[in-house]
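Colleague: Handing you a structure now.
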Amino acid sequence: MGKRLFFAALLLLSAIGAHACTAAVISGNATADGRPLLWKTRDTDNLQNAMKYFKGSKYDFIGLVDCNARSEEEVWMGTNSAGFSIMNTQSFNLEKTVNGVEPGDKNGNLMFRALQVCATVDEFRHFMDTTRLEGLCANFGVIDAKGGAGWCETSTRSYRFFDANDPLTAPDGYIARTNFSITGTLHEGLGYVRYQQADAMLKVAAAQRSITPQWLLGSLARSFANPQTGIDLADGTHNRPATNGWFIDHDLINRSGTACTSAIQGVRPTENPELTTMWLILGYPPVSTAFPFWLKDAAGQLPAIYTAEAGAATTVFGKKVDKLKERVYAFHEGIGSDRYFNWEALHNLQGNGIMQQLSPVEKEIFRRTETARARWYRQGQIPSKELARLYADLSSYVIERYQQLFGL
């Protein structure tokens, strides 16, 4: 009986961990350029994600969805034509799991509905005041084109808003969350160690006002430090010959169940909301690379390598990332073995790890994108022809580099 209970508990912990996320809302007061940011690293059972355009009842929007989704009315992070953006982390200390069913089955649906009708953070709060909270159990992060930024910790009974622009609530200009809520049951929930790591890194960057999408995706989202153990794999002391290069991903920001990471960069109050940029690293972030998306012309122009037809199991780019991930998570010997990963394959002293090879690729994507965006900010809009050329240029570049570097 004892062994059966042990393995049941192990399976339950694995299942819960697969729905974990690490995220932050950053007000313009803490960013390098004064534009607010949402950041989320998504962990889920649905590892195959895609970008999708939606024609809304009031506002159109783009968002991250599951491939072969259980519902056409769920979004896991997105932004709309008014410049309102939303994401979530599932909370595990606001509601109790009943008969093995985790709370929060309507979290994705709420974000889908909010993106259709909300233009500002204040409108989202009104939306929350007037909507049924049934099936909700999450921290919802939001920003808007007017400078609004904050979190709503939401249960089936009520919600509480935390304003990232309020110095009493967010003295450093940001609020981080993982899979627990401040208003929930003390010492319960998940993700406290991940929260500590994210908060520590954000605190330093916010003080320097150096938070950018490139830093969020390149440094924070790819951190391999565990503050509880005091180990940072990237410090150069955990490679061969000092170790054999294999480690367990427990409580790291990136784990076997990480499906993607994304940063939505809003606009300043004087700027056109269509300049809101959604950066996405699709798939396991250490073996993937960032790519920018905009709502402008999204009905027909979202890059095909990041979208999926109805019923499709994955995306074109997702297949390439999965094959690289298999080189990292290559140990398959029984229950729990999927938590072992080959750090040496990602980052080594020879400088030819997968992350090391992809770093200049991502830098080039940001360089090309920033060159175009600098013009767009000056012009106050995104020219359709320029957007089409940039999408085509970046898509070709990504495909070419994965073929040249990894034969994929």
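Within each chain, counting starts at residue 1; across the structure tokens, chains are named A, B, ... in the order shown, with ligands numbered 1 upward in that order.
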For region 268-285 of chain A, list every protein, DNA or RNA residue within 6 Å, evaluated using only C-alpha atoms, and leave out those in the same chain fewer than 3 positions away; present the list as a CSV table (one decimal) with N, CA, C and O atoms, in the first residue's frame.

Modeller:
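out38.csv was written with the following content:
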```csv
chain,number,residue,atom,x,y,z
A,35,ARG,N,7.7,51.6,-21.7
A,35,ARG,CA,6.5,50.8,-22.1
A,35,ARG,C,6.3,49.6,-21.2
A,35,ARG,O,7.2,48.9,-20.8
A,82,ALA,N,-7.2,47.3,-29.1
A,82,ALA,CA,-7.1,48.5,-28.3
A,82,ALA,C,-5.8,48.6,-27.5
A,82,ALA,O,-5.6,49.6,-26.8
A,83,GLY,N,-5.0,47.6,-27.6
A,83,GLY,CA,-3.7,47.6,-26.9
A,83,GLY,C,-3.8,47.0,-25.5
A,83,GLY,O,-2.9,47.1,-24.7
A,145,ALA,N,-2.9,50.3,-23.2
A,145,ALA,CA,-2.2,51.3,-24.0
A,145,ALA,C,-2.2,52.6,-23.3
A,145,ALA,O,-1.6,53.6,-23.8
A,146,LYS,N,-2.8,52.7,-22.1
A,146,LYS,CA,-2.8,53.9,-21.3
A,146,LYS,C,-1.8,53.9,-20.2
A,146,LYS,O,-1.8,54.8,-19.3
A,258,THR,N,7.7,22.8,-20.1
A,258,THR,CA,7.6,24.2,-20.5
A,258,THR,C,7.3,24.2,-22.0
A,258,THR,O,8.0,23.7,-22.8
A,259,ALA,N,6.2,24.9,-22.3
A,259,ALA,CA,5.7,24.9,-23.7
A,259,ALA,C,6.2,26.1,-24.5
A,259,ALA,O,6.3,26.0,-25.7
A,260,CYS,N,6.4,27.2,-23.8
A,260,CYS,CA,6.9,28.4,-24.5
A,260,CYS,C,7.1,29.5,-23.5
A,260,CYS,O,6.8,29.3,-22.3
A,261,THR,N,7.6,30.6,-23.9
A,261,THR,CA,7.7,31.8,-23.1
A,261,THR,C,7.4,33.0,-24.0
A,261,THR,O,7.7,33.0,-25.2
A,262,SER,N,6.8,34.0,-23.4
A,262,SER,CA,6.3,35.2,-24.2
A,262,SER,C,6.5,36.5,-23.5
A,262,SER,O,6.4,36.5,-22.2
A,263,ALA,N,6.7,37.5,-24.2
A,263,ALA,CA,6.7,38.9,-23.6
A,263,ALA,C,5.9,39.8,-24.5
A,263,ALA,O,6.2,39.9,-25.7
A,264,ILE,N,4.9,40.4,-23.9
A,264,ILE,CA,4.1,41.4,-24.7
A,264,ILE,C,4.5,42.8,-24.3
A,264,ILE,O,4.5,43.1,-23.1
A,265,GLN,N,5.0,43.5,-25.2
A,265,GLN,CA,5.5,44.9,-25.0
A,265,GLN,C,4.4,45.9,-25.4
A,265,GLN,O,4.0,46.0,-26.6
A,288,SER,N,14.8,27.1,-28.5
A,288,SER,CA,14.0,27.8,-29.5
A,288,SER,C,14.6,29.2,-29.6
A,288,SER,O,15.6,29.6,-29.0
A,289,THR,N,13.9,30.1,-30.3
A,289,THR,CA,14.3,31.5,-30.4
A,289,THR,C,13.1,32.4,-30.5
A,289,THR,O,12.0,32.0,-30.9
A,290,ALA,N,13.3,33.7,-30.1
A,290,ALA,CA,12.2,34.6,-30.1
A,290,ALA,C,11.8,35.0,-31.5
A,290,ALA,O,12.6,35.1,-32.4
A,291,PHE,N,10.5,35.4,-31.6
A,291,PHE,CA,9.9,35.9,-32.9
A,291,PHE,C,8.8,36.9,-32.5
A,291,PHE,O,8.0,36.7,-31.6
A,292,PRO,N,8.7,38.0,-33.3
A,292,PRO,CA,7.7,39.1,-32.9
A,292,PRO,C,6.4,38.9,-33.7
A,292,PRO,O,6.4,38.5,-34.9
A,293,PHE,N,5.3,39.3,-33.1
A,293,PHE,CA,4.0,39.3,-33.8
A,293,PHE,C,3.3,40.6,-33.5
A,293,PHE,O,3.4,41.1,-32.4
A,294,TRP,N,2.4,41.0,-34.4
A,294,TRP,CA,1.6,42.1,-34.3
A,294,TRP,C,0.2,41.8,-34.7
A,294,TRP,O,0.0,40.9,-35.5
```

Colleague: Identify, with DSSP run on backbone atoms, the residues in region 85-211 of chain A assigned to helix (DSSP H, G or I), and express the list as number ranges by chain.

Modeller: A: 107-117, 121-129, 192-207

Colleague: Mind writing the picked residues with C-alpha atoms as a JSON list (two decimals), in the first residue's frame?

Modeller:
```
[["chain", "number", "residue", "atom", "x", "y", "z"],
["A", 107, "ASN", "CA", -9.18, 30.48, -17.05],
["A", 108, "GLY", "CA", -8.47, 30.36, -20.79],
["A", 109, "ASN", "CA", -12.08, 31.13, -21.64],
["A", 110, "LEU", "CA", -12.09, 34.23, -19.44],
["A", 111, "MET", "CA", -9.05, 35.61, -21.25],
["A", 112, "PHE", "CA", -10.70, 34.86, -24.60],
["A", 113, "ARG", "CA", -13.77, 36.85, -23.56],
["A", 114, "ALA", "CA", -11.83, 39.72, -21.98],
["A", 115, "LEU", "CA", -9.75, 40.30, -25.11],
["A", 116, "GLN", "CA", -12.96, 40.81, -27.10],
["A", 117, "VAL", "CA", -14.44, 43.53, -24.91],
["A", 121, "VAL", "CA", -7.17, 47.64, -17.17],
["A", 122, "ASP", "CA", -10.05, 49.58, -15.60],
["A", 123, "GLU", "CA", -12.47, 48.04, -18.08],
["A", 124, "PHE", "CA", -11.09, 44.62, -17.20],
["A", 125, "ARG", "CA", -11.79, 45.28, -13.53],
["A", 126, "HIS", "CA", -15.37, 46.23, -14.44],
["A", 127, "PHE", "CA", -15.56, 43.08, -16.56],
["A", 128, "MET", "CA", -14.50, 41.07, -13.52],
["A", 129, "ASP", "CA", -17.10, 42.84, -11.39],
["A", 192, "TYR", "CA", 7.78, 29.53, -4.47],
["A", 193, "VAL", "CA", 11.36, 28.77, -5.53],
["A", 194, "ARG", "CA", 10.68, 29.88, -9.12],
["A", 195, "TYR", "CA", 9.11, 33.02, -7.71],
["A", 196, "GLN", "CA", 12.22, 33.74, -5.63],
["A", 197, "GLN", "CA", 14.47, 33.44, -8.67],
["A", 198, "ALA", "CA", 12.28, 35.58, -10.93],
["A", 199, "ASP", "CA", 11.77, 38.22, -8.24],
["A", 200, "ALA", "CA", 15.50, 38.44, -7.46],
["A", 201, "MET", "CA", 16.43, 38.97, -11.10],
["A", 202, "LEU", "CA", 13.60, 41.44, -11.74],
["A", 203, "LYS", "CA", 14.51, 43.48, -8.66],
["A", 204, "VAL", "CA", 18.04, 44.13, -9.91],
["A", 205, "ALA", "CA", 16.94, 44.91, -13.48],
["A", 206, "ALA", "CA", 14.09, 47.17, -12.33],
["A", 207, "ALA", "CA", 16.46, 49.20, -10.15]]
```

Colleague: List as an MDAnalysis selection string the protein and nucleic acid residues near region 343-357 of chain A, meaning an atom at most 10 Å away when only C-alpha atoms are counted, but skip any in the same chain fewer than 2 places from it.

Modeller: chainID A and resid 218 222 224 233:234 236:241 243:249 285:289 324:325 327:329 340:341 359:362 401:402 405:406

Colleague: Report, in Å to a single decimal, how far apart CA of Asn342 (chain A) and CA of Glu326 (chain A) are.

Modeller: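 Computed distance, CA of Glu326 (chain A) to CA of Asn342 (chain A), equals 10.0 Å.
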
Colleague: Report, in Å with one decimal, the straight-line distance from CA of Trp151 (chain A) to CA of Asn49 (chain A).

Modeller: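 Separating CA of Trp151 (chain A) from CA of Asn49 (chain A) is a distance of 23.9 Å.
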
Colleague: Please provide as a compact mmCIF listing (two decimals) with all heavy atoms, in the first residue's frame all residues within 12 Å of Ser158 (chain A), with the sequence filter that same-chain residues fewer than 6 positions apart are discarded (counting only C-alpha atoms).

Modeller:
```txt
# COMPACT_ATOMS: atom_id res chain seq x y z
N LEU A 94 -5.91 29.07 -3.97
CA LEU A 94 -7.16 29.82 -3.87
C LEU A 94 -8.37 28.91 -3.77
O LEU A 94 -9.38 29.27 -3.16
CB LEU A 94 -7.32 30.73 -5.09
CG LEU A 94 -6.41 31.96 -5.15
CD1 LEU A 94 -6.56 32.65 -6.50
CD2 LEU A 94 -6.69 32.93 -4.02
N GLU A 95 -8.28 27.74 -4.40
CA GLU A 95 -9.36 26.76 -4.39
C GLU A 95 -8.79 25.38 -4.10
O GLU A 95 -7.60 25.13 -4.32
CB GLU A 95 -10.09 26.73 -5.75
CG GLU A 95 -10.72 28.04 -6.17
CD GLU A 95 -12.04 28.31 -5.46
OE1 GLU A 95 -12.55 27.40 -4.79
OE2 GLU A 95 -12.56 29.44 -5.60
N ARG A 125 -11.30 45.37 -14.90
CA ARG A 125 -11.79 45.28 -13.53
C ARG A 125 -13.32 45.34 -13.51
O ARG A 125 -13.97 44.61 -12.76
CB ARG A 125 -11.18 46.39 -12.68
CG ARG A 125 -9.66 46.25 -12.52
CD ARG A 125 -9.08 47.36 -11.66
NE ARG A 125 -9.52 47.24 -10.27
CZ ARG A 125 -9.12 48.07 -9.31
NH1 ARG A 125 -8.27 49.06 -9.59
NH2 ARG A 125 -9.55 47.91 -8.07
N MET A 128 -14.57 42.03 -14.61
CA MET A 128 -14.50 41.07 -13.52
C MET A 128 -15.63 41.28 -12.51
O MET A 128 -16.15 40.33 -11.92
CB MET A 128 -13.15 41.15 -12.82
CG MET A 128 -11.96 40.78 -13.69
SD MET A 128 -11.99 39.05 -14.20
CE MET A 128 -11.56 38.23 -12.67
N ASP A 129 -16.01 42.53 -12.32
CA ASP A 129 -17.10 42.84 -11.39
C ASP A 129 -18.44 42.32 -11.89
O ASP A 129 -19.36 42.06 -11.09
CB ASP A 129 -17.22 44.35 -11.18
CG ASP A 129 -16.08 44.93 -10.35
OD1 ASP A 129 -15.51 44.18 -9.53
OD2 ASP A 129 -15.77 46.12 -10.52
N THR A 130 -18.57 42.18 -13.20
CA THR A 130 -19.87 41.87 -13.79
C THR A 130 -19.93 40.49 -14.45
O THR A 130 -20.92 40.18 -15.11
CB THR A 130 -20.24 42.93 -14.84
OG1 THR A 130 -19.19 43.02 -15.82
CG2 THR A 130 -20.42 44.30 -14.18
N THR A 131 -18.90 39.68 -14.27
CA THR A 131 -18.89 38.36 -14.88
C THR A 131 -18.95 37.29 -13.81
O THR A 131 -18.57 37.51 -12.65
CB THR A 131 -17.62 38.15 -15.74
OG1 THR A 131 -17.79 37.01 -16.57
CG2 THR A 131 -16.39 37.94 -14.86
N ARG A 132 -19.43 36.12 -14.17
CA ARG A 132 -19.44 35.00 -13.23
C ARG A 132 -18.03 34.47 -13.08
O ARG A 132 -17.31 34.27 -14.06
CB ARG A 132 -20.36 33.88 -13.74
CG ARG A 132 -21.83 34.26 -13.75
CD ARG A 132 -22.67 33.08 -14.23
NE ARG A 132 -22.58 31.96 -13.30
CZ ARG A 132 -23.11 30.74 -13.54
NH1 ARG A 132 -23.73 30.51 -14.69
NH2 ARG A 132 -22.99 29.79 -12.64
N LEU A 133 -17.62 34.21 -11.85
CA LEU A 133 -16.27 33.74 -11.58
C LEU A 133 -16.19 32.22 -11.50
O LEU A 133 -15.13 31.68 -11.16
CB LEU A 133 -15.76 34.36 -10.27
CG LEU A 133 -15.76 35.89 -10.21
CD1 LEU A 133 -15.21 36.37 -8.87
CD2 LEU A 133 -14.98 36.49 -11.36
N GLU A 134 -17.25 31.56 -11.84
CA GLU A 134 -17.28 30.10 -11.80
C GLU A 134 -16.19 29.50 -12.70
O GLU A 134 -15.99 29.93 -13.84
CB GLU A 134 -18.64 29.59 -12.26
CG GLU A 134 -18.79 28.08 -12.24
CD GLU A 134 -20.15 27.62 -12.73
OE1 GLU A 134 -20.99 28.49 -13.02
OE2 GLU A 134 -20.36 26.40 -12.84
N GLY A 135 -15.46 28.52 -12.16
CA GLY A 135 -14.43 27.84 -12.95
C GLY A 135 -13.11 28.57 -13.02
O GLY A 135 -12.22 28.18 -13.78
N LEU A 136 -12.95 29.64 -12.23
CA LEU A 136 -11.72 30.43 -12.27
C LEU A 136 -10.86 30.15 -11.04
O LEU A 136 -11.36 29.99 -9.94
CB LEU A 136 -12.05 31.92 -12.33
CG LEU A 136 -12.88 32.38 -13.53
CD1 LEU A 136 -13.13 33.88 -13.43
CD2 LEU A 136 -12.19 32.05 -14.84
N CYS A 137 -9.57 30.10 -11.25
CA CYS A 137 -8.61 29.98 -10.16
C CYS A 137 -7.25 30.37 -10.74
O CYS A 137 -6.50 29.52 -11.21
CB CYS A 137 -8.58 28.56 -9.61
SG CYS A 137 -7.60 28.40 -8.11
N ALA A 138 -6.95 31.66 -10.73
CA ALA A 138 -5.76 32.12 -11.44
C ALA A 138 -5.35 33.51 -10.99
O ALA A 138 -6.13 34.26 -10.40
CB ALA A 138 -6.01 32.13 -12.94
N ASN A 139 -4.12 33.84 -11.31
CA ASN A 139 -3.62 35.21 -11.26
C ASN A 139 -3.64 35.72 -12.70
O ASN A 139 -2.96 35.16 -13.57
CB ASN A 139 -2.20 35.25 -10.71
CG ASN A 139 -2.07 34.52 -9.39
OD1 ASN A 139 -2.81 34.77 -8.46
ND2 ASN A 139 -1.11 33.60 -9.31
N CYS A 152 -4.85 40.42 -11.20
CA CYS A 152 -6.08 40.08 -10.50
C CYS A 152 -5.95 38.65 -9.98
O CYS A 152 -5.90 37.70 -10.77
CB CYS A 152 -7.29 40.16 -11.42
SG CYS A 152 -7.90 41.84 -11.70
N THR A 183 -3.32 36.27 -1.75
CA THR A 183 -4.58 36.22 -1.02
C THR A 183 -5.03 34.79 -0.73
O THR A 183 -6.08 34.60 -0.10
CB THR A 183 -5.69 36.93 -1.82
OG1 THR A 183 -5.76 36.36 -3.14
CG2 THR A 183 -5.39 38.41 -1.94
N GLY A 184 -4.27 33.79 -1.17
CA GLY A 184 -4.63 32.40 -0.94
C GLY A 184 -4.15 31.87 0.39
O GLY A 184 -3.58 32.60 1.21
```

Colleague: Please compute the CA of Thr22 (chain A)-CA of Ser223 (chain A) distance, one decimal, in Å.

Modeller: 11.6 Å

Colleague: Which of these, A:Val75, A:Met51, A:Ile86, A:Ala149, has the shortest distance to Gly28 (chain A) once you count only C-alpha atoms?

Modeller: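 Using only C-alpha atoms, the shortest distance to Gly28 (chain A) belongs to A:Ala149.
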
Colleague: Could you pull out the strand (DSSP E) residues of region 4-153 of chain A from DSSP and send them as a ChimeraX atom specification?

Modeller: /A:21-26,37-43,49-54,61-66,77-80,85-90,138-143,149-153

Colleague: With distances taken over only C-alpha atoms, which residue among A:Gln214, A:Thr41, A:Asn254, A:Asn93 lies nearest Glu370 (chain A)?

Modeller: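 For Glu370 (chain A), the nearest of the candidates is A:Gln214.
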
Colleague: I'd like the contact shell of Glu386 (chain A) - 10 Å cut-off, only C-alpha atoms, skipping same-chain residues fewer than 5 positions apart - returned as a PDB file with all heavy atoms, in the first residue's frame.

Modeller:
```pdb
ATOM      1  N   ALA A 372      13.259  47.883 -37.973  1.00  0.00           N
ATOM      2  CA  ALA A 372      11.944  48.180 -38.545  1.00  0.00           C
ATOM      3  C   ALA A 372      11.074  48.944 -37.551  1.00  0.00           C
ATOM      4  O   ALA A 372      10.408  49.928 -37.912  1.00  0.00           O
ATOM      5  CB  ALA A 372      11.252  46.882 -38.955  1.00  0.00           C
ATOM      6  N   TRP A 376       8.733  52.499 -37.479  1.00  0.00           N
ATOM      7  CA  TRP A 376       7.294  52.460 -37.202  1.00  0.00           C
ATOM      8  C   TRP A 376       6.915  53.368 -36.042  1.00  0.00           C
ATOM      9  O   TRP A 376       5.870  54.016 -36.071  1.00  0.00           O
ATOM     10  CB  TRP A 376       6.856  51.024 -36.933  1.00  0.00           C
ATOM     11  CG  TRP A 376       7.139  50.086 -38.071  1.00  0.00           C
ATOM     12  CD1 TRP A 376       7.503  50.427 -39.346  1.00  0.00           C
ATOM     13  CD2 TRP A 376       7.091  48.661 -38.052  1.00  0.00           C
ATOM     14  NE1 TRP A 376       7.686  49.298 -40.116  1.00  0.00           N
ATOM     15  CE2 TRP A 376       7.444  48.199 -39.343  1.00  0.00           C
ATOM     16  CE3 TRP A 376       6.798  47.722 -37.065  1.00  0.00           C
ATOM     17  CZ2 TRP A 376       7.487  46.846 -39.672  1.00  0.00           C
ATOM     18  CZ3 TRP A 376       6.834  46.374 -37.388  1.00  0.00           C
ATOM     19  CH2 TRP A 376       7.182  45.946 -38.677  1.00  0.00           C
ATOM     20  N   TYR A 391       8.114  39.839 -41.751  1.00  0.00           N
ATOM     21  CA  TYR A 391       7.689  38.470 -41.439  1.00  0.00           C
ATOM     22  C   TYR A 391       8.376  37.455 -42.360  1.00  0.00           C
ATOM     23  O   TYR A 391       8.877  36.420 -41.903  1.00  0.00           O
ATOM     24  CB  TYR A 391       6.174  38.335 -41.586  1.00  0.00           C
ATOM     25  CG  TYR A 391       5.360  38.725 -40.374  1.00  0.00           C
ATOM     26  CD1 TYR A 391       4.061  39.189 -40.519  1.00  0.00           C
ATOM     27  CD2 TYR A 391       5.868  38.606 -39.080  1.00  0.00           C
ATOM     28  CE1 TYR A 391       3.278  39.532 -39.417  1.00  0.00           C
ATOM     29  CE2 TYR A 391       5.099  38.947 -37.972  1.00  0.00           C
ATOM     30  CZ  TYR A 391       3.799  39.404 -38.143  1.00  0.00           C
ATOM     31  OH  TYR A 391       3.030  39.733 -37.047  1.00  0.00           O
ATOM     32  N   ALA A 392       8.398  37.752 -43.650  1.00  0.00           N
ATOM     33  CA  ALA A 392       9.016  36.836 -44.613  1.00  0.00           C
ATOM     34  C   ALA A 392      10.511  36.709 -44.375  1.00  0.00           C
ATOM     35  O   ALA A 392      11.079  35.608 -44.414  1.00  0.00           O
ATOM     36  CB  ALA A 392       8.742  37.320 -46.041  1.00  0.00           C
TER      37      ALA A 392
END
```

Colleague: Tell me, counting only C-alpha atoms, for each residue of region 251-321 of chain A within 8 Å of region 58-73 of chain A, which pair of atoms is nearest and how far apart they are in Å to one decimal, in rows ordered by chain and increasing number, as a Markdown table.

Modeller:
```
| residue | atom | partner | partner_atom | distance |
| --- | --- | --- | --- | --- |
| A:Trp294 | CA | A:Ile62 | CA | 7.8 |
| A:Leu295 | CA | A:Ile62 | CA | 6.0 |
| A:Ala298 | CA | A:Ile62 | CA | 7.4 |
| A:Ala308 | CA | A:Cys67 | CA | 6.6 |
| A:Ala310 | CA | A:Asn68 | CA | 6.3 |
| A:Gly311 | CA | A:Asn68 | CA | 4.5 |
| A:Ala312 | CA | A:Asn68 | CA | 5.6 |
| A:Ala313 | CA | A:Cys67 | CA | 5.7 |
| A:Thr314 | CA | A:Cys67 | CA | 5.8 |
| A:Thr315 | CA | A:Cys67 | CA | 8.0 |
```

Colleague: Could you write out the selected residues, including all heavy atoms, as a PDB file, in the first residue's frame?

Modeller:
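Saved the output as result_1.pdb:
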```pdb
ATOM      1  N   TRP A 294       2.447  40.971 -34.421  1.00  0.00           N
ATOM      2  CA  TRP A 294       1.591  42.139 -34.251  1.00  0.00           C
ATOM      3  C   TRP A 294       0.183  41.786 -34.706  1.00  0.00           C
ATOM      4  O   TRP A 294      -0.023  40.892 -35.544  1.00  0.00           O
ATOM      5  CB  TRP A 294       2.104  43.316 -35.071  1.00  0.00           C
ATOM      6  CG  TRP A 294       3.433  43.828 -34.621  1.00  0.00           C
ATOM      7  CD1 TRP A 294       3.673  44.821 -33.713  1.00  0.00           C
ATOM      8  CD2 TRP A 294       4.722  43.372 -35.053  1.00  0.00           C
ATOM      9  NE1 TRP A 294       5.031  45.001 -33.547  1.00  0.00           N
ATOM     10  CE2 TRP A 294       5.694  44.131 -34.363  1.00  0.00           C
ATOM     11  CE3 TRP A 294       5.154  42.389 -35.950  1.00  0.00           C
ATOM     12  CZ2 TRP A 294       7.066  43.954 -34.544  1.00  0.00           C
ATOM     13  CZ3 TRP A 294       6.510  42.187 -36.133  1.00  0.00           C
ATOM     14  CH2 TRP A 294       7.457  42.972 -35.443  1.00  0.00           C
ATOM     15  N   LEU A 295      -0.793  42.518 -34.187  1.00  0.00           N
ATOM     16  CA  LEU A 295      -2.169  42.296 -34.607  1.00  0.00           C
ATOM     17  C   LEU A 295      -2.426  42.838 -36.011  1.00  0.00           C
ATOM     18  O   LEU A 295      -3.289  42.340 -36.730  1.00  0.00           O
ATOM     19  CB  LEU A 295      -3.126  42.947 -33.592  1.00  0.00           C
ATOM     20  CG  LEU A 295      -4.615  42.818 -33.896  1.00  0.00           C
ATOM     21  CD1 LEU A 295      -5.043  41.355 -33.994  1.00  0.00           C
ATOM     22  CD2 LEU A 295      -5.438  43.538 -32.837  1.00  0.00           C
ATOM     23  N   ALA A 298      -3.181  40.632 -39.097  1.00  0.00           N
ATOM     24  CA  ALA A 298      -2.984  39.261 -38.609  1.00  0.00           C
ATOM     25  C   ALA A 298      -3.964  38.268 -39.213  1.00  0.00           C
ATOM     26  O   ALA A 298      -3.698  37.056 -39.210  1.00  0.00           O
ATOM     27  CB  ALA A 298      -3.089  39.232 -37.077  1.00  0.00           C
ATOM     28  N   ALA A 308      -1.226  26.952 -36.856  1.00  0.00           N
ATOM     29  CA  ALA A 308      -1.627  25.556 -37.059  1.00  0.00           C
ATOM     30  C   ALA A 308      -3.068  25.504 -37.541  1.00  0.00           C
ATOM     31  O   ALA A 308      -3.940  26.205 -37.016  1.00  0.00           O
ATOM     32  CB  ALA A 308      -1.485  24.757 -35.764  1.00  0.00           C
ATOM     33  N   ALA A 310      -6.791  23.788 -38.024  1.00  0.00           N
ATOM     34  CA  ALA A 310      -7.655  23.092 -37.072  1.00  0.00           C
ATOM     35  C   ALA A 310      -7.334  21.596 -37.069  1.00  0.00           C
ATOM     36  O   ALA A 310      -7.264  20.962 -38.129  1.00  0.00           O
ATOM     37  CB  ALA A 310      -9.121  23.315 -37.433  1.00  0.00           C
ATOM     38  N   GLY A 311      -7.096  21.060 -35.889  1.00  0.00           N
ATOM     39  CA  GLY A 311      -6.791  19.637 -35.757  1.00  0.00           C
ATOM     40  C   GLY A 311      -5.330  19.284 -35.913  1.00  0.00           C
ATOM     41  O   GLY A 311      -4.946  18.132 -35.681  1.00  0.00           O
ATOM     42  N   ALA A 312      -4.498  20.269 -36.294  1.00  0.00           N
ATOM     43  CA  ALA A 312      -3.067  19.992 -36.472  1.00  0.00           C
ATOM     44  C   ALA A 312      -2.407  19.744 -35.131  1.00  0.00           C
ATOM     45  O   ALA A 312      -2.705  20.408 -34.138  1.00  0.00           O
ATOM     46  CB  ALA A 312      -2.394  21.149 -37.191  1.00  0.00           C
ATOM     47  N   ALA A 313      -1.474  18.800 -35.094  1.00  0.00           N
ATOM     48  CA  ALA A 313      -0.836  18.416 -33.840  1.00  0.00           C
ATOM     49  C   ALA A 313       0.241  19.403 -33.410  1.00  0.00           C
ATOM     50  O   ALA A 313       0.534  19.535 -32.225  1.00  0.00           O
ATOM     51  CB  ALA A 313      -0.233  17.020 -33.956  1.00  0.00           C
ATOM     52  N   THR A 314       0.840  20.104 -34.369  1.00  0.00           N
ATOM     53  CA  THR A 314       1.923  21.029 -34.039  1.00  0.00           C
ATOM     54  C   THR A 314       2.093  22.034 -35.171  1.00  0.00           C
ATOM     55  O   THR A 314       1.337  22.028 -36.148  1.00  0.00           O
ATOM     56  CB  THR A 314       3.243  20.263 -33.799  1.00  0.00           C
ATOM     57  OG1 THR A 314       4.244  21.168 -33.340  1.00  0.00           O
ATOM     58  CG2 THR A 314       3.723  19.573 -35.066  1.00  0.00           C
ATOM     59  N   THR A 315       3.098  22.900 -35.050  1.00  0.00           N
ATOM     60  CA  THR A 315       3.425  23.864 -36.099  1.00  0.00           C
ATOM     61  C   THR A 315       4.710  23.432 -36.793  1.00  0.00           C
ATOM     62  O   THR A 315       5.441  22.571 -36.305  1.00  0.00           O
ATOM     63  CB  THR A 315       3.636  25.265 -35.497  1.00  0.00           C
ATOM     64  OG1 THR A 315       4.768  25.224 -34.613  1.00  0.00           O
ATOM     65  CG2 THR A 315       2.408  25.719 -34.718  1.00  0.00           C
TER      66      THR A 315
END
```

Colleague: Using only C-alpha atoms, can you tell me which of A:Phe161, A:Phe54, A:Tyr306, A:Tyr174 comes closest to Ala24 (chain A)?

Modeller: A:Tyr174

Colleague: Pick the closest to Ile175 (chain A) from A:Ser27, A:Gln208, A:Thr97, A:Ser57: which is it, counting only C-alpha atoms?

Modeller: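 The answer is A:Ser27, which sits nearest to Ile175 (chain A).
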